[in-house]
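The next block holds one structure in the form of structure tokens; read it before the comments.
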Amino acid sequence: MKFCIAFALAAALRCAGGDLLGLPEHLRPDPFGGIVEADRVAGAAPAHQIVLESGRAAYASCHLIAILPEGGAYGLETQGFPAESGLQTDLYREWFHFLPASKRYYPDALIPIQSPYRSAMPDPDNRIPHQSAQSFWMDIWVPANTRPGTYKTTATLKAGRGAASIPITLRVIGATVPAEDAVAIDHNSYGTSWLADDYPSLQNRLGADFFASDEFFTLIHSYHRIFYENRGVFHQLGYGHAGKVGPEFAPRLEGSGKTKHIADWTLFDRQYGPLFDGSVFATSRRGPKPIPFVYLPINPEWPASFLWWGEPGYEREFVNVVSAMERHFREKGWTATRFEMFFNHKKRYKGFPWDGDEARFVRDYDYVREYSRLLNLAVPADTPVKFVTRADVSWTMERQFKELAGIVNFWVCGGGEFGWYHYAPRMLKERGDIVWIYGGTPAVTEPSSHITLQVLRPWLWGIDGFVHWQTTAPGADPWFRFEGGSEALVYSGDRFGIAAPIPSIRLKIQRNAVQDITLLNEYRKTQPIERLRAETARRFNETTLNDWWTPKPAFAYKDPLEWTNADETTPENPKFGSALDAAAWQRVRAYVFELAQEVK
């Protein structure tokens with residue numbers, strides 16, 4: 001009888017003011033109290049409790065949903081976990097992006113907030129007609145020294161005359177997620193000119209001084225930090241298709257021919273010094289560590305003028321400058337980062353007469369061979385500085401694997417084409433090459449599990465990583481006229497008074513998948529790796545390992561010069577697209593924790 005009275009009282013309070021519900025990370029809420037269409041799975045619904053499980057040195061995540069059918073002011077407060085646990089909680093308000101194409105709202109951008117948080121429904125900033133629900137993302141950081149066990153806390157919604165609380169239970173297992181990721185997830189970007197557009201508050205305050213200010217370099221570093229903290233890598237290409245290099249991406253040069261030399265390292269060191277020694281990450285929960293990869297500014301027009309290509313003067317300019325770079329890096333102790341000689345231009349862009357990126361013409365291989373020769377002249381064979389020759393390949397990748405063996409040692413491969421060559425991972429890895437694949441980013445309208453495909457596929461294939469080719473371009477108006485986010489995993493915080501990027505839900509889901517796959521990869525020490533991969537594929541989407549490879553299509557046997565757009569269209573396997581449900585990664589996570597219990 002007492003239970004019935006207490007239950008009735010709680011229900012009355014919820015009705016009087018509002019309700020507080022929870023959802024697992026893979027089920028994204030909508031602004032009306034439901035689940036977005038892409039993530040709906042049978043039997044899934046918001047609940048009055050949250051139960052999470054996590055390894056150590058990792059994050060656990062969920063959604064909190066404040067429901068106020070009648071609207072009005074409210075407050076949300078989360079209680080901390082016991083201090084001795086070391087557990088730390090981060091809270092974000094989820095922004096609902098309006099997509100004109102579908103006239104629907106999807107949450108993605110995450111705005112950091114503090115508890116207690118106060119606002120009103122409908123949200124005065126998001127401005128959604130008839131909004132009745134506001135969702136929040138909760139990250140719980142589990143330090144490596146947290147004692148295994150069960151920890152509990154609560155979150156409380158206060159609105160009107162009532163209050164509603166939701167219990168949050170976190171079970172911490174004994175397994176610790178290794179610091180080194182099993183796969184590298186790379187987030188590519190181009191230059192820095194877009195920062196002025198994305199941060200108008202800074203630009204308006206600093207004016208012409210923006211690109212030389214402390215705030216500018218702090219902003220660059222904040223992009224590296226957000227991806228690093230979320231178990232990713234950040235790449236910025238510092239030159240354009242015609243070879244013009246941004247001043248912060250290369251040391252300043254003077255002279256020509258045999259007198260060409262580096263005159264000033266100031267801007268280069270200002271940007272890269274804290275990245276190459278890891279100090280920029282000093283406050284990260286992951287600890288300081290140098291960035292693992294970086295583009296060099298080397299291109300056909302830098303450091304040597306392409307006017308002298310094929311002449312002794314070109315070689316002299318190249319060797320003078322690159323030799324000085326190697327000495328500078330060595331003297332600074334920057335020996336943990338791989339410095340990439342990479343060419344991003346295409347002949348059709350009319351900057352240079354050959355393809356550097358995704359070479360289609362076999363005759364263009366000779367340029368790569370020549371640059372490899374020049375690099376070997378400039379860099380001592382016994383240098384501790386790590387120089388690599390990177391090629392992003394698609395059209396003729398199979399031929400390049402063979403003809404540029406020993407020249408290219410960092411392959412970034414079109415994911416679709418690489419799937420034709422089942423033998424390639426072993427061949428490339430046995431000769432010591434780094435192998436990534438690249439592709440796009442799933443839009444917010446795709447089921448949440450689609451972002452985890454880019455984590456799982458490289459691991460199943462036995463290669464090193466995946467590149468999102470563009471990750472910082474959410475569109476002209478991502479807040480009210482969103483295009484889906486297929487070129488962005490972070491957003492400018494300028495709108496919210498934050499002079500730094502803010503994360504997305506998709507970035508967080510991806511991060512948690514990297515944690516899981518990194519822990520899963522540890523169990524190869526006790527079980528055959530092929531068994532682990534096969535069971536993971538089965539859990540994810542009822543596939544075999546062979547299903548992750550694609551038979552080479554007929555058109556691919558033709559000369560790439562004869563390929564057409566119609567040729568390049570291959571049928572979709574629904575298991576990797578329309579039939580892939582939002583809960584796919586949760587089945588993989590359950591498998592990882594099952595293995596952890598077995599090892600224990």
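Letters for chains follow the order of the structure tokens (A, B, ...), residue numbers begin at 1 for each chain, and ligand numbers begin at 1 in the order shown.
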Practice prompt. Could you please write out, as a list in words, every residue of range 183-225 of chain A that DSSP assigns to alpha helix (DSSP H)?
Written response: Trp194, Leu195, Ala196, Asp197, Asp198, Pro200, Ser201, Leu202, Gln203, Asn204, Arg205, Leu206, Asp214, Glu215, Phe216, Phe217, Thr218, Leu219, Ile220, His221, Ser222, Tyr223, His224 and Arg225 of chain A
Take the residues from that selection and write them out as a short mmCIF file (atom, residue, chain, number, x, y, z; two decimals), in the first residue's frame, keeping C-alpha atoms.
```cif
data_model
loop_
_atom_site.label_atom_id
_atom_site.label_comp_id
_atom_site.auth_asym_id
_atom_site.auth_seq_id
_atom_site.Cartn_x
_atom_site.Cartn_y
_atom_site.Cartn_z
CA TRP A 194 37.44 29.17 -42.88
CA LEU A 195 38.14 29.92 -39.23
CA ALA A 196 37.43 33.63 -39.76
CA ASP A 197 33.98 32.81 -41.15
CA ASP A 198 33.21 30.28 -38.41
CA PRO A 200 32.93 36.03 -36.51
CA SER A 201 33.12 37.23 -32.91
CA LEU A 202 36.90 36.75 -32.88
CA GLN A 203 37.27 38.07 -36.41
CA ASN A 204 35.28 41.23 -35.62
CA ARG A 205 37.28 41.86 -32.45
CA LEU A 206 40.72 41.20 -33.92
CA ASP A 214 47.41 34.25 -30.06
CA GLU A 215 43.68 33.53 -30.33
CA PHE A 216 44.15 32.20 -33.87
CA PHE A 217 46.79 29.67 -32.87
CA THR A 218 44.84 28.73 -29.75
CA LEU A 219 41.86 28.05 -32.02
CA ILE A 220 43.91 25.77 -34.28
CA HIS A 221 45.13 23.86 -31.25
CA SER A 222 41.58 23.53 -29.92
CA TYR A 223 40.62 21.56 -33.05
CA HIS A 224 43.48 19.15 -32.43
CA ARG A 225 42.42 18.84 -28.79
#
```
Fill in: 10 Å contact set for range 118-120 of chain A, only C-alpha atoms, chain neighbours under 5 positions out, as a list in words
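Listing them by chain and then by number gives Leu68, Gly71, Gly72, Ala73, Tyr74, Gly75, Leu76, Glu77, Ile113, Asp125, Gln134, Leu157, Lys158 and Ala159 of chain A.
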Residue neighbourhood Thr259 in chain A, 12 Å, only C-alpha atoms, exclusion window fewer than 4 positions, as a compact mmCIF listing (two decimals) with C-alpha atoms, in the first residue's frame:
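So the final result, stored in result28.txt, reads:
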```txt
# COMPACT_ATOMS: atom_id res chain seq x y z
CA LEU A 253 62.01 31.03 -47.23
CA GLU A 254 64.46 33.40 -48.86
CA GLY A 255 66.78 33.19 -51.86
CA ALA A 263 64.84 32.43 -42.98
CA ALA A 304 61.35 24.58 -54.96
CA GLY A 313 68.14 24.25 -59.52
CA TYR A 314 64.95 22.45 -58.49
CA ARG A 316 69.18 22.24 -55.05
CA GLU A 317 66.25 24.25 -53.66
CA PHE A 318 64.42 21.13 -52.51
CA VAL A 319 67.44 19.56 -50.81
CA ASN A 320 68.55 22.82 -49.14
CA VAL A 321 65.20 23.41 -47.48
```
Worksheet item: Looking at only C-alpha atoms, which of A:His450, A:Arg28, A:Lys346, A:Lys558 is the one that sits closest to Gly577 in chain A?
Response: A:His450
Item to complete: Identify, with DSSP run on backbone atoms, the residues in range 104-251 of chain A assigned to strand (DSSP E), and express the list as a PyMOL selection string.
Response: chain A and resi 104-113+117-121+133-142+149-159+162-176+184-190+233-237
Distance table requested - range 54-144 of chain A against range 514-525 of chain A, cut-off 9 Å, only C-alpha atoms: one row per qualifying residue with the closest atom pair and its distance in Å to one decimal, ordered by chain and rising residue number, as CSV.
```
residue,atom,partner,partner_atom,distance
A:Gly55,CA,A:Leu519,CA,8.4
A:Ala57,CA,A:Gln515,CA,9.0
A:Ala58,CA,A:Gln515,CA,6.7
A:Tyr59,CA,A:Gln515,CA,8.2
```
What would the file look like if the residues just selected were written as a compact mmCIF listing (two decimals), in the first residue's frame with N, CA and C atoms?
```txt
# COMPACT_ATOMS: atom_id res chain seq x y z
N GLY A 55 34.53 0.00 -19.42
CA GLY A 55 35.86 -0.33 -18.98
C GLY A 55 36.49 0.91 -18.36
N ALA A 57 39.62 3.88 -18.12
CA ALA A 57 40.27 4.76 -19.10
C ALA A 57 39.38 4.91 -20.33
N ALA A 58 38.09 5.15 -20.06
CA ALA A 58 37.10 5.21 -21.14
C ALA A 58 35.92 6.06 -20.70
N TYR A 59 35.09 6.38 -21.68
CA TYR A 59 33.85 7.11 -21.43
C TYR A 59 32.65 6.17 -21.55
```
Discussion item. I'd like the neighbourhood of Tyr557 in chain A as a count of residues only, where a residue qualifies if any of its atoms comes within 12 Å (using only C-alpha atoms), though same-chain residues fewer than 5 positions away should be ignored.
Written reply: 10
Worksheet item: Which residue out of A:Gly273, A:Gly232, A:Gly18, A:Gly484 has the minimum interatomic distance to Val467 in chain A when only C-alpha atoms are used?
Response: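 Closest candidate: A:Gly232.
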Fill in: Between CA of Thr383 in chain A and CA of Ser256 in chain A, distance in Å (one decimal)
26.2 Å
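Between CA of Arg270 in chain A and CA of Trp334 in chain A there is a distance of 14.0 Å.
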Worksheet entry | Contacts of Lys347 in chain A at 12 Å (only C-alpha atoms; same-chain gap of 5+ positions) as an MDAnalysis selection string | chainID A and resid 241:242 352:361 364
